[in-house]
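Undergrad: There's a structure below that I have some questions on.
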Amino acid sequence: MSLTKNKVLAINPGATSTKIAVYREKELFFKKTLEHSVQDLEKYDRIFDQYQYRLDLVLELLKEEGTSLETLVAIVGRGGLLKPLAGGTYQVDEKMVEDLKTAQQGEHASNLGAVMAYNLAEQLNIPAFIVDPVSVDEMEPVARISGLADLKRISLSHALNMKAVARKVAKDMGKEYEDVNFVVVHLGTGVSVTPHKKGKMIDVNNAKAEGPFSPDRCGGLPADQLVKLCFSGKYTYEELKEKLSNKGGFYSYFGTKDAREVEVMAESGNEEANIVLDALAYQVAKEIGAMATVLMGEVDKIILTGGIAYSKRIVNDIIKRAGYIAPVEVMPGEEELESLAFGALRVIQGEEKAAVYS
């Protein structure tokens with residue numbers, strides 16, 4: 001019996017989950033989130049060491065959902081920490097895979113997406129893609145200046161989801177994405193705040209090292225205190241790097257990366273949890289204000305998205321502080337799987353030409 005190749009598999013690895021979806025043309029066939037506990041992941045020294053563990057779960061889920069690999073026409077993964085790129089759809093090649101495996105631009109769970117897609121697609125003799133990777137760089141020259149000639153500000157963000165929701169909000173307004181100005185906030189395991197000016201993300205807090213803290217990242221820290229900590233002998237370089245990127249934020253205070261658990265603590269009378277939750281909303285609102293000045297106050301809408309945007313407490317606190325700047329649109333969750341699949345489909349159907357990474 002022949003199997004019709006008409007499905008696209010999308011894989012989106014995050015810090016504490018792996019989300020997958022299968023689309024038949026533009027129709028969603030199924031979508032699932034595989035949650036990973038701290039205990040599941042802490043046994044791996046490097047994020048890339050989680051590759052086989054996560055891939056096995058993906059293959060098991062596909063089998064449970066009755067999706068044969070032979071029915072796939074393409075596989076698309078979330079783009080990881082790559083060299084600076086323009087937005088768009090890219091075909092995964094060996095150079096991209098090598099850069100992600102060796103973490104040339106840094107370690108992040110999203111690095112696993114393109115590699116999973118490439119290795120599976122190679123076995124099936126079908127193409128593998130990424131769409132709007134986290135390294136999308138459309139920053140203006142003035143935004144790159146850090147204040148120290150040795151260092152340059154770089155663009156790392158949740159570009160895939162932020163561009164997707166920005167396009168949807170613009171469409172709902174009866175306008176094109178290229179005709180509007182937004183401040184878009186992704187509230188997830190990391191927090192990205194970026195001004196979108198006429199279809200381009202012209203600035204962004206590097207979600208790995210700047211801006212508000214998040215469930216497991218420190219965000220921007222007092223530089224002098226950080227330098228002292230670096231030379232205190234308390235931590236090795238690798239230990240401190242891990243602390244800043246994966247054991248900061250909520251985790252550093254409460255040992256959990258789940259905002260819902262922190263809210264339960266606050267509701268149960270934990271005063272520190274109350275203050276830290278307030279501080280997250282406070283820092284996000286400050287960053288929104290900063291990005292509004294980048295747009296010189298010409299902000300059509302503020303958009304709040306990502307998993308933490310389901311939190312009414314945090315969202316309401318942000319709106320109280322920043323809602324005077326522009327109307328706030330709340331789009332909780334993320335549109336990343338759909339955006340990945342549709343990006344691959346545009347190439348397959350000849351609507352867009354895949355860019356080449358190498």
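Labels used: A, B, ... for chains in the order of the structure tokens, numbers from 1 for residues in each chain, and numbers from 1 for ligands as shown.
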Name the residues in contact with region 67-71 of chain A at a cut-off of 12 Å, using only C-alpha atoms, excluding same-chain residues fewer than 4 positions from it; report them as a PyMOL selection string.
TA: chain A and resi 1-9+21-24+29-31+58-63+75+117+120-126
Undergrad: Can you tell me, as a JSON list (two decimals) with N, CA and C atoms, in the first residue's frame, what residues are no more than 12 Å from Ala292 (chain A) when counting only C-alpha atoms, ignoring any on the same chain fewer than 2 positions away?
TA:
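What follows is the written file result16.json:
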```json
[["chain", "number", "residue", "atom", "x", "y", "z"],
["A", 181, "ASN", "N", 3.65, 49.90, 13.57],
["A", 181, "ASN", "CA", 4.69, 49.90, 14.59],
["A", 181, "ASN", "C", 4.15, 49.21, 15.85],
["A", 182, "PHE", "N", 4.83, 48.20, 16.32],
["A", 182, "PHE", "CA", 4.43, 47.49, 17.52],
["A", 182, "PHE", "C", 5.60, 47.38, 18.50],
["A", 183, "VAL", "N", 5.29, 47.26, 19.79],
["A", 183, "VAL", "CA", 6.24, 46.72, 20.75],
["A", 183, "VAL", "C", 5.71, 45.35, 21.11],
["A", 184, "VAL", "N", 6.48, 44.31, 20.79],
["A", 184, "VAL", "CA", 6.05, 42.94, 21.01],
["A", 184, "VAL", "C", 6.86, 42.33, 22.14],
["A", 185, "VAL", "N", 6.15, 41.67, 23.06],
["A", 185, "VAL", "CA", 6.78, 41.06, 24.23],
["A", 185, "VAL", "C", 6.49, 39.57, 24.24],
["A", 193, "VAL", "N", 11.73, 41.57, 24.31],
["A", 193, "VAL", "CA", 10.93, 42.78, 24.08],
["A", 193, "VAL", "C", 11.55, 43.49, 22.89],
["A", 194, "THR", "N", 10.76, 43.71, 21.85],
["A", 194, "THR", "CA", 11.33, 44.27, 20.63],
["A", 194, "THR", "C", 10.38, 45.23, 19.94],
["A", 195, "PRO", "N", 10.91, 46.36, 19.44],
["A", 195, "PRO", "CA", 10.10, 47.27, 18.64],
["A", 195, "PRO", "C", 10.09, 46.83, 17.18],
["A", 196, "HIS", "N", 8.91, 46.67, 16.62],
["A", 196, "HIS", "CA", 8.76, 46.31, 15.21],
["A", 196, "HIS", "C", 8.37, 47.57, 14.44],
["A", 197, "LYS", "N", 9.25, 48.01, 13.58],
["A", 197, "LYS", "CA", 9.00, 49.22, 12.81],
["A", 197, "LYS", "C", 8.86, 48.86, 11.34],
["A", 202, "ILE", "N", 13.80, 46.35, 14.90],
["A", 202, "ILE", "CA", 14.95, 47.26, 14.81],
["A", 202, "ILE", "C", 15.80, 47.31, 16.08],
["A", 203, "ASP", "N", 15.36, 46.68, 17.14],
["A", 203, "ASP", "CA", 16.13, 46.59, 18.38],
["A", 203, "ASP", "C", 15.56, 45.42, 19.17],
["A", 204, "VAL", "N", 16.28, 44.95, 20.15],
["A", 204, "VAL", "CA", 15.77, 43.88, 21.01],
["A", 204, "VAL", "C", 16.72, 43.71, 22.19],
["A", 285, "ALA", "N", 7.62, 45.96, 31.98],
["A", 285, "ALA", "CA", 7.01, 47.26, 31.67],
["A", 285, "ALA", "C", 8.10, 48.32, 31.42],
["A", 286, "LYS", "N", 9.18, 48.29, 32.20],
["A", 286, "LYS", "CA", 10.29, 49.23, 31.97],
["A", 286, "LYS", "C", 10.88, 49.04, 30.58],
["A", 287, "GLU", "N", 11.03, 47.77, 30.17],
["A", 287, "GLU", "CA", 11.61, 47.49, 28.85],
["A", 287, "GLU", "C", 10.67, 47.92, 27.73],
["A", 288, "ILE", "N", 9.36, 47.76, 27.95],
["A", 288, "ILE", "CA", 8.38, 48.24, 26.97],
["A", 288, "ILE", "C", 8.52, 49.75, 26.80],
["A", 289, "GLY", "N", 8.64, 50.44, 27.93],
["A", 289, "GLY", "CA", 8.80, 51.89, 27.87],
["A", 289, "GLY", "C", 10.04, 52.28, 27.10],
["A", 290, "ALA", "N", 11.14, 51.55, 27.32],
["A", 290, "ALA", "CA", 12.39, 51.84, 26.61],
["A", 290, "ALA", "C", 12.22, 51.63, 25.11],
["A", 294, "VAL", "N", 12.33, 53.99, 21.30],
["A", 294, "VAL", "CA", 13.00, 53.64, 20.04],
["A", 294, "VAL", "C", 12.08, 54.00, 18.86],
["A", 295, "LEU", "N", 10.79, 53.78, 19.06],
["A", 295, "LEU", "CA", 9.79, 54.11, 18.03],
["A", 295, "LEU", "C", 9.32, 55.56, 18.14],
["A", 296, "MET", "N", 10.00, 56.34, 19.00],
["A", 296, "MET", "CA", 9.67, 57.75, 19.21],
["A", 296, "MET", "C", 8.20, 57.94, 19.58],
["A", 297, "GLY", "N", 7.68, 56.99, 20.35],
["A", 297, "GLY", "CA", 6.31, 57.10, 20.83],
["A", 297, "GLY", "C", 5.25, 56.72, 19.82],
["A", 298, "GLU", "N", 5.65, 56.41, 18.59],
["A", 298, "GLU", "CA", 4.68, 56.05, 17.56],
["A", 298, "GLU", "C", 4.42, 54.55, 17.61],
["A", 299, "VAL", "N", 3.61, 54.14, 18.58],
["A", 299, "VAL", "CA", 3.33, 52.72, 18.83],
["A", 299, "VAL", "C", 1.85, 52.46, 18.55],
["A", 300, "ASP", "N", 1.57, 51.63, 17.56],
["A", 300, "ASP", "CA", 0.18, 51.31, 17.25],
["A", 300, "ASP", "C", -0.42, 50.37, 18.27],
["A", 301, "LYS", "N", 0.38, 49.39, 18.72],
["A", 301, "LYS", "CA", -0.10, 48.45, 19.74],
["A", 301, "LYS", "C", 1.09, 47.85, 20.49],
["A", 302, "ILE", "N", 0.83, 47.44, 21.72],
["A", 302, "ILE", "CA", 1.74, 46.59, 22.48],
["A", 302, "ILE", "C", 1.13, 45.19, 22.45],
["A", 322, "ALA", "N", 2.27, 49.95, 31.71],
["A", 322, "ALA", "CA", 2.65, 50.34, 30.34],
["A", 322, "ALA", "C", 1.47, 50.59, 29.42],
["A", 323, "GLY", "N", 0.26, 50.35, 29.89],
["A", 323, "GLY", "CA", -0.92, 50.46, 29.02],
["A", 323, "GLY", "C", -1.21, 51.86, 28.53],
["A", 324, "TYR", "N", -0.64, 52.86, 29.17],
["A", 324, "TYR", "CA", -0.86, 54.24, 28.73],
["A", 324, "TYR", "C", -0.13, 54.54, 27.42],
["A", 325, "ILE", "N", 0.85, 53.72, 27.08],
["A", 325, "ILE", "CA", 1.66, 53.98, 25.89],
["A", 325, "ILE", "C", 0.88, 53.71, 24.62],
["A", 326, "ALA", "N", 0.13, 52.58, 24.61],
["A", 326, "ALA", "CA", -0.64, 52.17, 23.43],
["A", 326, "ALA", "C", -1.61, 51.08, 23.86]]
```
Undergrad: Give me the residues within 10 Å of Ala159 (chain A) as a list in words, counting only C-alpha atoms and dropping any in the same chain fewer than 3 places off.
TA: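 Counting only C-alpha atoms, the residues come to Gly79, Gly87, Val131, Asp132, Pro133, Val134, Ser135, Val136, Asp137, Ser155, Leu156, Met162, Lys163, Ala164, Val184, His186, Ser192, Thr194, Met201, Val204 and Glu336 of chain A.
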Undergrad: Using DSSP on the backbone, list every residue of region 58-169 of chain A that comes out as alpha helix (DSSP H), and give them as a PyMOL selection string.
TA: chain A and resi 58-64+94-101+111-124+159-169
Undergrad: Show me, as a VMD selection string, the residues that have an atom within 8 Å of Gly14 (chain A) when counting only C-alpha atoms, minus same-chain residues fewer than 6 positions from it.
TA: chain A and resid 109 to 110 189
Undergrad: Export, as a PDB file, in the first residue's frame, the selected residues with N, CA and C atoms.
TA:
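File again_5.pdb, as written:
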```pdb
ATOM      1  N   ALA A 109      18.127  25.202  23.962  1.00  0.00           N
ATOM      2  CA  ALA A 109      17.366  24.025  23.529  1.00  0.00           C
ATOM      3  C   ALA A 109      16.933  24.126  22.069  1.00  0.00           C
ATOM      4  N   SER A 110      16.710  25.351  21.580  1.00  0.00           N
ATOM      5  CA  SER A 110      16.271  25.513  20.190  1.00  0.00           C
ATOM      6  C   SER A 110      17.319  25.018  19.205  1.00  0.00           C
ATOM      7  N   THR A 189      10.062  31.080  28.688  1.00  0.00           N
ATOM      8  CA  THR A 189      11.227  30.701  29.476  1.00  0.00           C
ATOM      9  C   THR A 189      12.263  31.818  29.435  1.00  0.00           C
TER      10      THR A 189
END
```
Undergrad: With only C-alpha atoms as the basis for distance, which of A:Gly199, A:Asn270, A:Met265, A:Gly77 is at the shortest distance from Glu176 (chain A)?
TA: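 Checking each of A:Gly199, A:Asn270, A:Met265, A:Gly77 against Glu176 (chain A), counting only C-alpha atoms, the winner is A:Gly199.
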Undergrad: Tell me which protein, DNA and RNA residues are within 12 Å of Val330 (chain A), counting only C-alpha atoms, leaving out same-chain ones fewer than 6 positions away, and put them as a list in words.
TA: Val165, Ala166, Lys168, Val169, Val184, Val185, His186, Leu187, Lys301, Ile302, Ile303, Leu304, Thr305, Gly306, Gly307, Ile308, Ala309, Tyr310, Ser311, Lys312, Ile314, Val315, Asn316, Ile318, Ile319 and Gly323 of chain A
Undergrad: Next, the residues of the selection above should be written as a PDB file, in the first residue's frame with N, CA and C atoms.
TA:
```pdb
ATOM      1  N   VAL A 165       2.850  36.657  15.560  1.00  0.00           N
ATOM      2  CA  VAL A 165       1.725  37.344  16.198  1.00  0.00           C
ATOM      3  C   VAL A 165       1.606  38.777  15.689  1.00  0.00           C
ATOM      4  N   ALA A 166       2.740  39.403  15.359  1.00  0.00           N
ATOM      5  CA  ALA A 166       2.689  40.765  14.821  1.00  0.00           C
ATOM      6  C   ALA A 166       1.941  40.788  13.488  1.00  0.00           C
ATOM      7  N   LYS A 168      -0.357  38.661  12.555  1.00  0.00           N
ATOM      8  CA  LYS A 168      -1.771  38.389  12.818  1.00  0.00           C
ATOM      9  C   LYS A 168      -2.493  39.629  13.341  1.00  0.00           C
ATOM     10  N   VAL A 169      -1.851  40.349  14.275  1.00  0.00           N
ATOM     11  CA  VAL A 169      -2.481  41.556  14.821  1.00  0.00           C
ATOM     12  C   VAL A 169      -2.632  42.610  13.729  1.00  0.00           C
ATOM     13  N   VAL A 184       6.483  44.314  20.786  1.00  0.00           N
ATOM     14  CA  VAL A 184       6.045  42.937  21.006  1.00  0.00           C
ATOM     15  C   VAL A 184       6.857  42.327  22.145  1.00  0.00           C
ATOM     16  N   VAL A 185       6.154  41.675  23.059  1.00  0.00           N
ATOM     17  CA  VAL A 185       6.784  41.065  24.231  1.00  0.00           C
ATOM     18  C   VAL A 185       6.486  39.572  24.238  1.00  0.00           C
ATOM     19  N   HIS A 186       7.537  38.766  24.187  1.00  0.00           N
ATOM     20  CA  HIS A 186       7.381  37.316  24.350  1.00  0.00           C
ATOM     21  C   HIS A 186       7.716  36.973  25.791  1.00  0.00           C
ATOM     22  N   LEU A 187       6.721  36.453  26.513  1.00  0.00           N
ATOM     23  CA  LEU A 187       6.891  36.079  27.917  1.00  0.00           C
ATOM     24  C   LEU A 187       6.931  34.559  28.013  1.00  0.00           C
ATOM     25  N   LYS A 301       0.376  49.387  18.718  1.00  0.00           N
ATOM     26  CA  LYS A 301      -0.097  48.453  19.743  1.00  0.00           C
ATOM     27  C   LYS A 301       1.086  47.850  20.488  1.00  0.00           C
ATOM     28  N   ILE A 302       0.825  47.441  21.719  1.00  0.00           N
ATOM     29  CA  ILE A 302       1.737  46.590  22.483  1.00  0.00           C
ATOM     30  C   ILE A 302       1.131  45.189  22.447  1.00  0.00           C
ATOM     31  N   ILE A 303       1.946  44.190  22.132  1.00  0.00           N
ATOM     32  CA  ILE A 303       1.453  42.815  22.056  1.00  0.00           C
ATOM     33  C   ILE A 303       2.172  41.974  23.104  1.00  0.00           C
ATOM     34  N   LEU A 304       1.399  41.285  23.941  1.00  0.00           N
ATOM     35  CA  LEU A 304       1.952  40.369  24.945  1.00  0.00           C
ATOM     36  C   LEU A 304       1.640  38.946  24.510  1.00  0.00           C
ATOM     37  N   THR A 305       2.680  38.120  24.381  1.00  0.00           N
ATOM     38  CA  THR A 305       2.493  36.748  23.931  1.00  0.00           C
ATOM     39  C   THR A 305       3.406  35.828  24.727  1.00  0.00           C
ATOM     40  N   GLY A 306       3.393  34.531  24.415  1.00  0.00           N
ATOM     41  CA  GLY A 306       4.189  33.564  25.157  1.00  0.00           C
ATOM     42  C   GLY A 306       3.387  32.894  26.260  1.00  0.00           C
ATOM     43  N   GLY A 307       3.934  31.842  26.837  1.00  0.00           N
ATOM     44  CA  GLY A 307       3.212  31.054  27.836  1.00  0.00           C
ATOM     45  C   GLY A 307       2.830  31.815  29.084  1.00  0.00           C
ATOM     46  N   ILE A 308       3.700  32.733  29.545  1.00  0.00           N
ATOM     47  CA  ILE A 308       3.400  33.473  30.781  1.00  0.00           C
ATOM     48  C   ILE A 308       2.291  34.507  30.550  1.00  0.00           C
ATOM     49  N   ALA A 309       1.972  34.785  29.287  1.00  0.00           N
ATOM     50  CA  ALA A 309       0.863  35.712  29.001  1.00  0.00           C
ATOM     51  C   ALA A 309      -0.487  35.115  29.386  1.00  0.00           C
ATOM     52  N   TYR A 310      -0.509  33.831  29.762  1.00  0.00           N
ATOM     53  CA  TYR A 310      -1.733  33.241  30.319  1.00  0.00           C
ATOM     54  C   TYR A 310      -1.967  33.712  31.751  1.00  0.00           C
ATOM     55  N   SER A 311      -0.933  34.245  32.404  1.00  0.00           N
ATOM     56  CA  SER A 311      -1.055  34.697  33.787  1.00  0.00           C
ATOM     57  C   SER A 311      -1.773  36.041  33.839  1.00  0.00           C
ATOM     58  N   LYS A 312      -2.977  36.041  34.353  1.00  0.00           N
ATOM     59  CA  LYS A 312      -3.743  37.285  34.444  1.00  0.00           C
ATOM     60  C   LYS A 312      -3.056  38.271  35.380  1.00  0.00           C
ATOM     61  N   ILE A 314       0.251  38.677  36.064  1.00  0.00           N
ATOM     62  CA  ILE A 314       1.412  39.317  35.455  1.00  0.00           C
ATOM     63  C   ILE A 314       0.999  40.247  34.329  1.00  0.00           C
ATOM     64  N   VAL A 315       0.070  39.783  33.475  1.00  0.00           N
ATOM     65  CA  VAL A 315      -0.395  40.607  32.360  1.00  0.00           C
ATOM     66  C   VAL A 315      -1.047  41.886  32.860  1.00  0.00           C
ATOM     67  N   ASN A 316      -1.914  41.781  33.853  1.00  0.00           N
ATOM     68  CA  ASN A 316      -2.600  42.971  34.385  1.00  0.00           C
ATOM     69  C   ASN A 316      -1.605  43.958  35.001  1.00  0.00           C
ATOM     70  N   ILE A 318       1.529  44.349  34.078  1.00  0.00           N
ATOM     71  CA  ILE A 318       2.232  44.996  32.971  1.00  0.00           C
ATOM     72  C   ILE A 318       1.360  46.086  32.353  1.00  0.00           C
ATOM     73  N   ILE A 319       0.080  45.771  32.146  1.00  0.00           N
ATOM     74  CA  ILE A 319      -0.835  46.738  31.531  1.00  0.00           C
ATOM     75  C   ILE A 319      -0.999  47.978  32.412  1.00  0.00           C
ATOM     76  N   GLY A 323       0.257  50.346  29.886  1.00  0.00           N
ATOM     77  CA  GLY A 323      -0.918  50.455  29.022  1.00  0.00           C
ATOM     78  C   GLY A 323      -1.207  51.856  28.525  1.00  0.00           C
TER      79      GLY A 323
END
```
Undergrad: Quick one: everything within 7 Å of Leu81 (chain A), counting only C-alpha atoms, minus sequence neighbours fewer than 6 positions away in the same chain. Send it as a ChimeraX atom specification.
TA: /A:100,105-106,108,111,134-135
Undergrad: If we count only C-alpha atoms and set the cut-off at 9 Å, which residues sit around region 271-278 of chain A, ignoring sequence neighbours fewer than 5 positions away in its own chain? Please answer as a list in words.
TA: Gly249, Phe250, Tyr253, Phe254, Ala259, Val262, Glu263, Val264, Met265, Ala266, Gln283, Arg313, Ile314 and Asp317 of chain A
Undergrad: Calculated over only C-alpha atoms, which of the candidates A:Ala355, A:Met116, A:Ile145, A:Leu229 has the smallest distance to Lys243 (chain A)?
TA: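 For Lys243 (chain A), the nearest of the candidates is A:Leu229.
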